[in-house]
$ cat data17.csv   # CSV, C-alpha atoms
chain,number,residue,atom,x,y,z
I,162,MET,CA,-35.9,77.2,37.3
I,163,THR,CA,-36.3,74.8,40.3
I,164,GLU,CA,-33.3,73.1,41.8
I,165,ASP,CA,-34.6,69.8,40.3
I,166,SER,CA,-34.8,71.1,36.8
I,167,ASP,CA,-31.4,72.7,37.2
I,168,ARG,CA,-30.0,69.3,38.2
I,169,ALA,CA,-31.8,67.6,35.3
I,170,PHE,CA,-30.5,70.2,32.8
I,171,PHE,CA,-27.0,69.9,34.1
I,172,ARG,CA,-27.0,66.1,34.0
I,173,ALA,CA,-28.5,65.9,30.5
I,174,GLU,CA,-26.0,68.4,29.1
I,175,VAL,CA,-23.0,66.8,30.7
I,176,GLU,CA,-24.0,63.4,29.4
I,177,ARG,CA,-24.6,64.8,25.9
I,178,LEU,CA,-21.2,66.5,25.9
I,179,MET,CA,-19.3,63.7,27.4
I,180,ASP,CA,-17.5,62.5,24.3
I,181,ARG,CA,-16.4,66.0,23.4
I,182,LEU,CA,-15.3,66.7,27.0
I,183,TYR,CA,-13.2,63.6,27.0
I,184,GLY,CA,-11.8,64.2,23.5
I,185,THR,CA,-10.8,67.7,24.4
I,186,ALA,CA,-9.3,66.7,27.7
I,187,LEU,CA,-7.4,63.9,26.0
I,188,ARG,CA,-5.9,66.4,23.4
I,189,LEU,CA,-4.9,68.7,26.3
I,190,THR,CA,-3.4,66.1,28.6
I,191,ARG,CA,-2.3,63.5,26.1
I,192,ASN,CA,-3.1,60.8,28.7
I,193,PRO,CA,-6.3,58.9,29.2
I,194,ALA,CA,-6.1,58.7,33.0
I,195,ASP,CA,-5.3,62.5,33.3
I,196,ALA,CA,-8.1,63.2,30.8
I,197,GLU,CA,-10.6,61.4,33.0
I,198,ASP,CA,-9.4,63.3,36.1
I,199,LEU,CA,-9.7,66.6,34.2
I,200,VAL,CA,-13.2,65.9,33.0
I,201,SER,CA,-14.3,64.9,36.5
I,202,GLU,CA,-12.7,68.0,38.1
I,203,ALA,CA,-14.3,70.3,35.5
I,204,VAL,CA,-17.8,68.8,36.0
I,205,THR,CA,-17.4,69.3,39.8
I,206,LYS,CA,-16.4,72.9,39.3
I,207,ALA,CA,-19.1,73.5,36.8
I,208,TRP,CA,-21.8,72.3,39.2
I,209,ALA,CA,-20.4,74.4,42.0
I,210,ASN,CA,-20.7,77.5,39.8
I,211,PHE,CA,-23.7,76.6,37.9
I,212,ALA,CA,-26.0,79.1,39.6
I,213,GLN,CA,-23.8,81.9,38.2
I,214,LEU,CA,-24.6,80.9,34.6
I,215,ALA,CA,-27.4,83.1,33.5
I,216,ASP,CA,-27.7,82.0,29.9
I,217,ARG,CA,-28.3,78.2,29.6
I,218,GLN,CA,-27.7,78.4,25.8
I,219,ALA,CA,-24.1,79.2,26.7
I,220,PHE,CA,-23.7,76.1,28.8
I,221,PRO,CA,-21.4,74.1,26.4
I,222,LYS,CA,-19.0,76.9,25.8
I,223,TRP,CA,-19.0,77.7,29.5
I,224,LEU,CA,-18.3,74.1,30.4
I,225,PHE,CA,-15.4,73.8,27.9
I,226,ARG,CA,-14.0,77.0,29.2
I,227,ILE,CA,-14.0,75.6,32.7
I,228,LEU,CA,-12.3,72.4,31.4
I,229,THR,CA,-9.5,74.3,29.7
I,230,ASN,CA,-9.2,76.8,32.6
I,231,THR,CA,-8.8,73.8,35.0
I,232,PHE,CA,-6.1,72.3,32.8
I,233,VAL,CA,-4.2,75.5,32.5
I,234,SER,CA,-4.4,76.3,36.2
I,235,ASP,CA,-3.4,72.7,37.2
I,236,ARG,CA,-0.4,72.9,34.8
I,237,ARG,CA,0.6,76.3,36.2
I,238,ARG,CA,0.4,75.0,39.7
I,239,ALA,CA,2.3,71.8,39.0
I,240,ARG,CA,4.9,73.7,36.9
I,241,HIS,CA,4.8,71.0,34.4
I,242,GLU,CA,6.8,73.0,31.9
I,243,VAL,CA,6.7,72.2,28.3
I,244,THR,CA,9.2,70.0,26.6
I,245,GLU,CA,9.8,72.5,23.9
I,246,SER,CA,10.8,76.1,24.6
I,247,LEU,CA,9.2,79.1,23.0
I,248,ILE,CA,12.5,80.9,23.0
I,249,ASP,CA,13.6,79.0,20.0
I,250,ASP,CA,10.9,80.5,17.9
I,251,ASP,CA,12.8,83.4,16.5
I,252,GLY,CA,13.6,83.0,12.9
I,253,GLU,CA,11.5,79.9,12.4
I,254,GLU,CA,10.0,80.0,8.9
I,255,THR,CA,6.3,79.6,8.5
I,256,PHE,CA,5.6,76.2,6.9
I,257,SER,CA,2.7,75.7,4.4
I,258,LEU,CA,1.6,72.2,3.6
I,259,PHE,CA,-0.4,73.5,0.7
I,260,GLU,CA,2.7,75.2,-0.9
I,261,LYS,CA,4.7,71.9,-0.4
I,262,LEU,CA,1.9,70.0,-2.1
I,263,HIS,CA,2.0,72.5,-5.0
I,264,GLN,CA,5.5,71.7,-6.0
I,265,PRO,CA,5.5,71.1,-9.8
I,266,PHE,CA,6.2,67.3,-9.6
I,267,LEU,CA,3.3,66.8,-7.3
I,268,LEU,CA,1.0,68.6,-9.6
I,269,TRP,CA,1.5,65.9,-12.1
I,270,TRP,CA,-1.1,64.3,-10.0
I,271,SER,CA,-4.5,65.9,-10.3
I,272,ASN,CA,-5.2,67.2,-6.8
I,273,PRO,CA,-2.5,66.4,-4.3
I,274,GLU,CA,-4.0,68.5,-1.5
I,275,GLN,CA,-7.4,66.8,-1.7
I,276,GLU,CA,-5.6,63.4,-1.9
I,277,LEU,CA,-3.7,64.2,1.3
I,278,ILE,CA,-6.8,65.4,3.1
I,279,ASN,CA,-8.7,62.3,2.2
I,280,LYS,CA,-5.9,60.0,3.3
I,281,LEU,CA,-5.0,61.6,6.5
I,282,LEU,CA,-6.3,59.5,9.4
I,283,ARG,CA,-7.5,60.8,12.7
I,284,GLU,CA,-4.5,59.1,14.4
I,285,ASP,CA,-2.1,61.0,12.1
I,286,LEU,CA,-3.6,64.3,13.2
I,287,GLU,CA,-3.8,63.2,16.8
I,288,LYS,CA,-0.1,62.3,16.7
I,289,ALA,CA,0.9,65.6,15.1
I,290,LEU,CA,-1.2,67.7,17.5
I,291,ASP,CA,0.1,65.7,20.5
I,292,HIS,CA,3.7,66.5,19.5
I,293,LEU,CA,3.1,70.2,19.7
I,294,ALA,CA,4.4,72.0,22.8
I,295,GLU,CA,1.7,72.7,25.3
I,296,GLU,CA,1.4,76.4,24.6
I,297,TYR,CA,0.7,75.6,20.9
I,298,ARG,CA,-1.5,72.6,21.5
I,299,THR,CA,-3.7,74.6,24.0
I,300,VAL,CA,-4.4,77.4,21.5
I,301,VAL,CA,-5.3,74.9,18.8
I,302,VAL,CA,-7.7,73.1,21.2
I,303,LEU,CA,-9.3,76.4,22.3
I,304,VAL,CA,-9.7,78.0,18.9
I,305,GLU,CA,-10.0,75.1,16.4
I,306,ILE,CA,-11.5,72.4,18.5
I,307,ASN,CA,-13.6,74.4,21.0
I,308,GLY,CA,-14.4,77.3,18.8
I,309,HIS,CA,-13.3,80.1,21.2
I,310,SER,CA,-12.5,83.5,19.8
I,311,TYR,CA,-9.0,84.8,20.0
I,312,ALA,CA,-10.1,87.2,22.8
I,313,GLU,CA,-11.7,84.3,24.8
I,314,ALA,CA,-8.6,82.2,24.4
I,315,ALA,CA,-6.4,85.2,25.5
I,316,GLU,CA,-8.6,85.6,28.6
I,317,ILE,CA,-8.4,81.9,29.5
I,318,LEU,CA,-4.7,81.7,29.0
I,319,ALA,CA,-4.0,85.2,30.6
I,320,ILE,CA,-2.0,86.2,27.6
I,321,PRO,CA,-2.4,89.1,25.1
I,322,VAL,CA,-4.6,88.5,21.9
I,323,GLY,CA,-1.5,89.0,19.8
I,324,THR,CA,0.2,86.2,21.6
I,325,VAL,CA,-2.8,83.9,20.9
I,326,ARG,CA,-2.5,84.9,17.2
I,327,SER,CA,1.2,84.2,17.0
I,328,ARG,CA,1.0,80.9,18.9
I,329,LEU,CA,-1.8,79.8,16.6
I,330,ASN,CA,0.3,80.7,13.5
I,331,ARG,CA,3.3,78.8,14.9
I,332,ALA,CA,1.1,75.9,15.9
I,333,ARG,CA,-0.4,75.5,12.5
I,334,SER,CA,3.0,75.8,10.9
I,335,ARG,CA,4.5,73.1,13.1
I,336,LEU,CA,1.4,70.9,12.7
I,337,GLN,CA,1.6,71.2,8.9
I,338,ARG,CA,5.3,70.5,8.9
I,339,ALA,CA,4.7,67.3,11.0
I,340,LEU,CA,2.0,66.2,8.6
I,341,TRP,CA,4.2,66.8,5.6
I,342,LYS,CA,7.0,64.7,7.2
I,343,HIS,CA,4.5,62.0,8.0
I,344,ALA,CA,3.2,62.0,4.4
I,345,GLN,CA,6.8,61.6,3.2
I,346,VAL,CA,7.7,58.8,5.6
I,347,THR,CA,4.5,56.8,5.1
I,348,GLY,CA,4.1,57.5,1.4
I,349,LEU,CA,0.7,59.0,1.8
I,350,LEU,CA,1.0,60.6,-1.6
I,351,ALA,CA,1.2,57.2,-3.1
I,352,GLY,CA,3.8,56.4,-5.7
I,353,LYS,CA,5.5,59.8,-5.7
I,354,ARG,CA,8.4,59.0,-3.4
I,355,ASN,CA,9.8,56.6,-6.0
I,356,LYS,CA,9.4,59.0,-8.8
I,357,GLU,CA,11.0,62.0,-7.2
I,358,HIS,CA,13.0,62.5,-4.2
I,359,VAL,CA,11.1,64.8,-1.9
I,360,HIS,CA,13.0,67.6,-0.2
I,361,GLU,CA,11.5,69.6,2.6
Y,267,MET,CA,2.7,85.4,-9.2
Y,268,SER,CA,0.8,82.7,-11.3
Y,269,LYS,CA,-1.8,83.4,-13.9
Y,270,ASP,CA,-4.4,82.4,-11.4
Y,271,HIS,CA,-3.1,85.1,-9.1
Y,272,ALA,CA,-4.7,87.8,-11.1
Y,273,GLU,CA,-4.7,91.3,-9.7
Y,274,HIS,CA,-7.8,92.1,-7.6
Y,275,SER,CA,-8.8,95.6,-7.0
Y,276,ARG,CA,-9.1,95.5,-3.2
Y,277,MET,CA,-6.7,92.9,-1.8
Y,278,SER,CA,-3.6,91.1,-3.2
Y,279,CYS,CA,-3.1,87.3,-3.0
Y,280,GLU,CA,-0.3,87.9,-0.5
Y,281,GLU,CA,-2.7,89.9,1.7
Y,282,VAL,CA,-5.4,87.4,1.4
Y,283,ILE,CA,-3.1,84.5,2.4
Y,284,ALA,CA,-1.8,86.6,5.3
Y,285,HIS,CA,-5.3,87.0,6.7
Y,286,LEU,CA,-6.6,83.7,5.6
Y,287,PHE,CA,-6.5,82.0,9.0
Y,288,ALA,CA,-8.1,85.0,10.8
Y,289,TYR,CA,-10.8,84.8,8.1
Y,290,LEU,CA,-11.3,81.0,8.7
Y,291,ASP,CA,-11.3,81.6,12.4
Y,292,ASP,CA,-14.1,84.2,12.0
Y,293,GLU,CA,-11.7,86.8,13.4
Y,294,ALA,CA,-11.4,89.1,10.3
Y,295,ASP,CA,-13.3,92.4,10.6
Y,296,PRO,CA,-16.3,92.8,8.3
Y,297,GLU,CA,-14.5,94.9,5.7
Y,298,LYS,CA,-11.6,92.6,5.4
Y,299,ARG,CA,-13.9,89.6,5.4
Y,300,SER,CA,-15.8,91.1,2.5
Y,301,TYR,CA,-12.6,91.8,0.5
Y,302,ILE,CA,-11.3,88.2,1.1
Y,303,GLU,CA,-14.6,86.7,0.0
Y,304,ARG,CA,-14.6,88.8,-3.1
Y,305,HIS,CA,-11.1,87.8,-3.8
Y,306,LEU,CA,-11.8,84.1,-3.3
Y,307,GLU,CA,-14.6,84.3,-5.8
Y,308,GLU,CA,-12.3,85.6,-8.4
Y,309,CYS,CA,-8.9,83.8,-7.7
Y,310,ARG,CA,-8.7,80.1,-8.2
Y,311,ALA,CA,-5.3,79.7,-6.6
Y,312,CYS,CA,-6.4,81.4,-3.4
Y,313,PHE,CA,-9.7,79.7,-3.4
Y,314,SER,CA,-7.9,76.3,-3.6
Y,315,ARG,CA,-5.7,77.3,-0.7
Y,316,ALA,CA,-8.6,78.5,1.4
Y,317,GLU,CA,-10.5,75.2,0.7
Y,318,PHE,CA,-7.5,73.2,1.7
Y,319,GLU,CA,-6.9,75.1,5.0
Y,320,LYS,CA,-10.7,74.8,5.7
Y,321,SER,CA,-10.7,71.1,5.2
Y,322,LEU,CA,-7.6,70.6,7.3
Y,323,ARG,CA,-9.1,72.8,10.0
Y,324,ALA,CA,-12.3,70.8,10.0
Y,325,LYS,CA,-10.3,67.6,10.4
Y,326,VAL,CA,-8.5,69.0,13.4
Y,327,SER,CA,-11.7,70.3,14.9
Y,328,GLN,CA,-13.1,66.7,14.9
Y,329,LEU,CA,-10.3,65.6,17.2
Y,330,GLY,CA,-12.2,67.0,20.1
Y,331,ASP,CA,-14.8,64.2,19.9
Y,332,LYS,CA,-13.7,60.9,21.3
Y,333,GLU,CA,-15.9,58.2,22.8
Y,334,ALA,CA,-15.6,58.5,26.5
Y,335,PRO,CA,-14.6,55.3,28.3
Y,336,ALA,CA,-17.2,53.5,30.4
Y,337,THR,CA,-15.0,54.2,33.5
Y,338,LEU,CA,-15.3,57.9,33.0
Y,339,ARG,CA,-19.1,57.7,32.3
Y,340,GLN,CA,-19.5,55.8,35.5
Y,341,ARG,CA,-17.3,58.2,37.5
Y,342,VAL,CA,-19.2,61.2,36.2
Y,343,LYS,CA,-22.5,59.5,36.9
Y,344,SER,CA,-21.5,59.0,40.5
Y,345,LEU,CA,-20.5,62.6,40.7
Y,346,LEU,CA,-23.8,63.8,39.3
Y,347,ASP,CA,-25.7,61.5,41.7
Y,348,GLN,CA,-24.1,63.4,44.6
Y,349,PHE,CA,-25.0,66.8,43.3
$ encode --input "data17.csv" --output "C-alpha cells"
Amino acid sequence: MTEDSDRAFFRAEVERLMDRLYGTALRLTRNPADAEDLVSEAVTKAWANFAQLADRQAFPKWLFRILTNTFVSDRRRARHEVTESLIDDDGEETFSLFEKLHQPFLLWWSNPEQELINKLLREDLEKALDHLAEEYRTVVVLVEINGHSYAEAAEILAIPVGTVRSRLNRARSRLQRALWKHAQVTGLLAGKRNKEHVHE
Amino acid sequence: MSKDHAEHSRMSCEEVIAHLFAYLDDEADPEKRSYIERHLEECRACFSRAEFEKSLRAKVSQLGDKEAPATLRQRVKSLLDQF
C-alpha cells in the first residue's frame, strides 16, 4: 500500500467508526468532554502505530483496543481511583434479574422478562452501567460492547483471565440489581407495584 | 427443580446456568458449548433464561454506539488533515 492509500484507508475507517468510538469512550469516561479527548488521543496514537498493523481487517478491533488501553493507562497515571472498592466484594450474592422476574406473582403476567426488555430504555441501561465502579464498567465495555475475548481483556487490563471473569460476573450482577431497583422505582412492570409489594 | 428443569444426560440446569455467560460470550470450550446447546434445545426454563440474558446483553452492547458530536468530528478531521 502507498502512503496515500494508507492515509485514505485510515481516514475512512476512523470516520466510519466515529460514533462507536465516541460511544465507547463515553461509557468509559462518563463525561462528554473527556470522551472527546480520549477519542482524539486514541486516533493520534493509532496513526503513529498504523504501520505496525499487518492485517487491515483487524483495524476496528485494533483501534478500540488502543482506545481502551489509552483510557486504562491515563487512569493509572492519574490515579483516579474508583469510588467503589473491590475489597467489599466478599460475600456479595450474585443477583439475577431473570430469577427476580420469575417470582410467582410476576408470572401472573404472561412474560415479565420480555416486557422488561422491551421497556428498558437506553438511558436506563446507560445510567446503570455508568454507576458501576470503573473496574467493572471497563470489563463490560471490553467484552460486551467491544467484543474482546476474556484473554484480550486480560491483556489490556494487565490482570489474570480469572479476574476478568470474576469482574464480569460481578458487573453483571450489579447491573441487573440496579435495573431491578430501577424497574421497581419507576414501575416499569406496569401495575404490579400496586398489586404486590415487591421485595428485593 | 421445576418440571421444565428435566434431567438432561450431559449437563444439569445448574451447570448450564453457571456456564451461561461464558457460552454467550463465546468463551465456552467446544464440548461445553455443544452440551449447553443440546440442553437449551430440550429445557424450556433454561432456554428462556438464555434468551433473556442474550437480549439484555444485546441491549448493553448497543450502548457503544452514540452519535459523535460535531465538535469531535471537526477535531478529528483536523487531526486527520495533519497526518
$ interface_residues --input "data17.csv" --of "chain Y" --to "chain I" --cutoff "6 Å" --atoms "only C-alpha atoms" --output "list of chain:residue names"
Y:Ser327, Y:Gly330, Y:Asp331, Y:Lys332, Y:Glu333, Y:Ala334, Y:Leu338
$ closest_residue --input "data17.csv" --among "I:Phe256, I:Asp216, I:Asp285, I:Phe225" --to "Lys325 of chain Y" --atoms "only C-alpha atoms"
I:Asp285
$ residues_around --input "data17.csv" --residues "segment 301-318 of chain Y" --least-positions-apart "2" --cutoff "6 Å" --atoms "all atoms listed in the file" --output "list in words"
Asp270, Val282, Lys298, Arg299, Lys320 and Ser321 of chain Y
$ atom_distance --input "data17.csv" --atom1 "atom CA of Arg323 of chain Y" --atom2 "atom CA of Arg177 of chain I"
23.6 Å
$ build_atoms --input "data17.csv" --residues "segment 296-319 of chain Y" --atoms "N, CA and C atoms" --output "CSV table (one decimal), in the frame of the given file"
chain,number,residue,atom,x,y,z
Y,296,PRO,N,-15.3,92.9,9.4
Y,296,PRO,CA,-16.3,92.8,8.3
Y,296,PRO,C,-15.8,93.3,6.9
Y,297,GLU,N,-15.0,94.4,7.0
Y,297,GLU,CA,-14.5,94.9,5.7
Y,297,GLU,C,-13.5,94.0,5.1
Y,298,LYS,N,-12.6,93.5,5.9
Y,298,LYS,CA,-11.6,92.6,5.4
Y,298,LYS,C,-12.2,91.3,4.9
Y,299,ARG,N,-13.2,90.8,5.7
Y,299,ARG,CA,-13.9,89.6,5.4
Y,299,ARG,C,-14.5,89.7,4.0
Y,300,SER,N,-15.1,90.9,3.7
Y,300,SER,CA,-15.8,91.1,2.5
Y,300,SER,C,-14.8,91.1,1.3
Y,301,TYR,N,-13.6,91.8,1.5
Y,301,TYR,CA,-12.6,91.8,0.5
Y,301,TYR,C,-12.1,90.4,0.2
Y,302,ILE,N,-11.9,89.6,1.3
Y,302,ILE,CA,-11.3,88.2,1.1
Y,302,ILE,C,-12.3,87.4,0.3
Y,303,GLU,N,-13.6,87.5,0.7
Y,303,GLU,CA,-14.6,86.7,0.0
Y,303,GLU,C,-14.7,87.1,-1.5
Y,304,ARG,N,-14.6,88.4,-1.7
Y,304,ARG,CA,-14.6,88.8,-3.1
Y,304,ARG,C,-13.4,88.2,-3.9
Y,305,HIS,N,-12.3,88.3,-3.2
Y,305,HIS,CA,-11.1,87.8,-3.8
Y,305,HIS,C,-11.2,86.3,-4.1
Y,306,LEU,N,-11.7,85.5,-3.2
Y,306,LEU,CA,-11.8,84.1,-3.3
Y,306,LEU,C,-12.8,83.7,-4.4
Y,307,GLU,N,-13.7,84.6,-4.7
Y,307,GLU,CA,-14.6,84.3,-5.8
Y,307,GLU,C,-13.9,84.4,-7.1
Y,308,GLU,N,-12.9,85.2,-7.1
Y,308,GLU,CA,-12.3,85.6,-8.4
Y,308,GLU,C,-10.9,84.8,-8.7
Y,309,CYS,N,-10.3,84.4,-7.6
Y,309,CYS,CA,-8.9,83.8,-7.7
Y,309,CYS,C,-8.9,82.4,-7.4
Y,310,ARG,N,-8.7,81.6,-8.4
Y,310,ARG,CA,-8.7,80.1,-8.2
Y,310,ARG,C,-7.7,79.6,-7.3
Y,311,ALA,N,-6.5,80.1,-7.4
Y,311,ALA,CA,-5.3,79.7,-6.6
Y,311,ALA,C,-5.6,79.9,-5.1
Y,312,CYS,N,-6.1,81.1,-4.8
Y,312,CYS,CA,-6.4,81.4,-3.4
Y,312,CYS,C,-7.6,80.7,-2.9
Y,313,PHE,N,-8.5,80.4,-3.8
Y,313,PHE,CA,-9.7,79.7,-3.4
Y,313,PHE,C,-9.3,78.2,-3.1
Y,314,SER,N,-8.4,77.6,-3.9
Y,314,SER,CA,-7.9,76.3,-3.6
Y,314,SER,C,-7.2,76.2,-2.2
Y,315,ARG,N,-6.4,77.2,-2.0
Y,315,ARG,CA,-5.7,77.3,-0.7
Y,315,ARG,C,-6.6,77.4,0.4
Y,316,ALA,N,-7.6,78.3,0.3
Y,316,ALA,CA,-8.6,78.5,1.4
Y,316,ALA,C,-9.4,77.2,1.6
Y,317,GLU,N,-9.8,76.5,0.5
Y,317,GLU,CA,-10.5,75.2,0.7
Y,317,GLU,C,-9.7,74.1,1.4
Y,318,PHE,N,-8.3,74.1,1.1
Y,318,PHE,CA,-7.5,73.2,1.7
Y,318,PHE,C,-7.3,73.4,3.2
Y,319,GLU,N,-7.1,74.7,3.5
Y,319,GLU,CA,-6.9,75.1,5.0
Y,319,GLU,C,-8.2,74.8,5.7
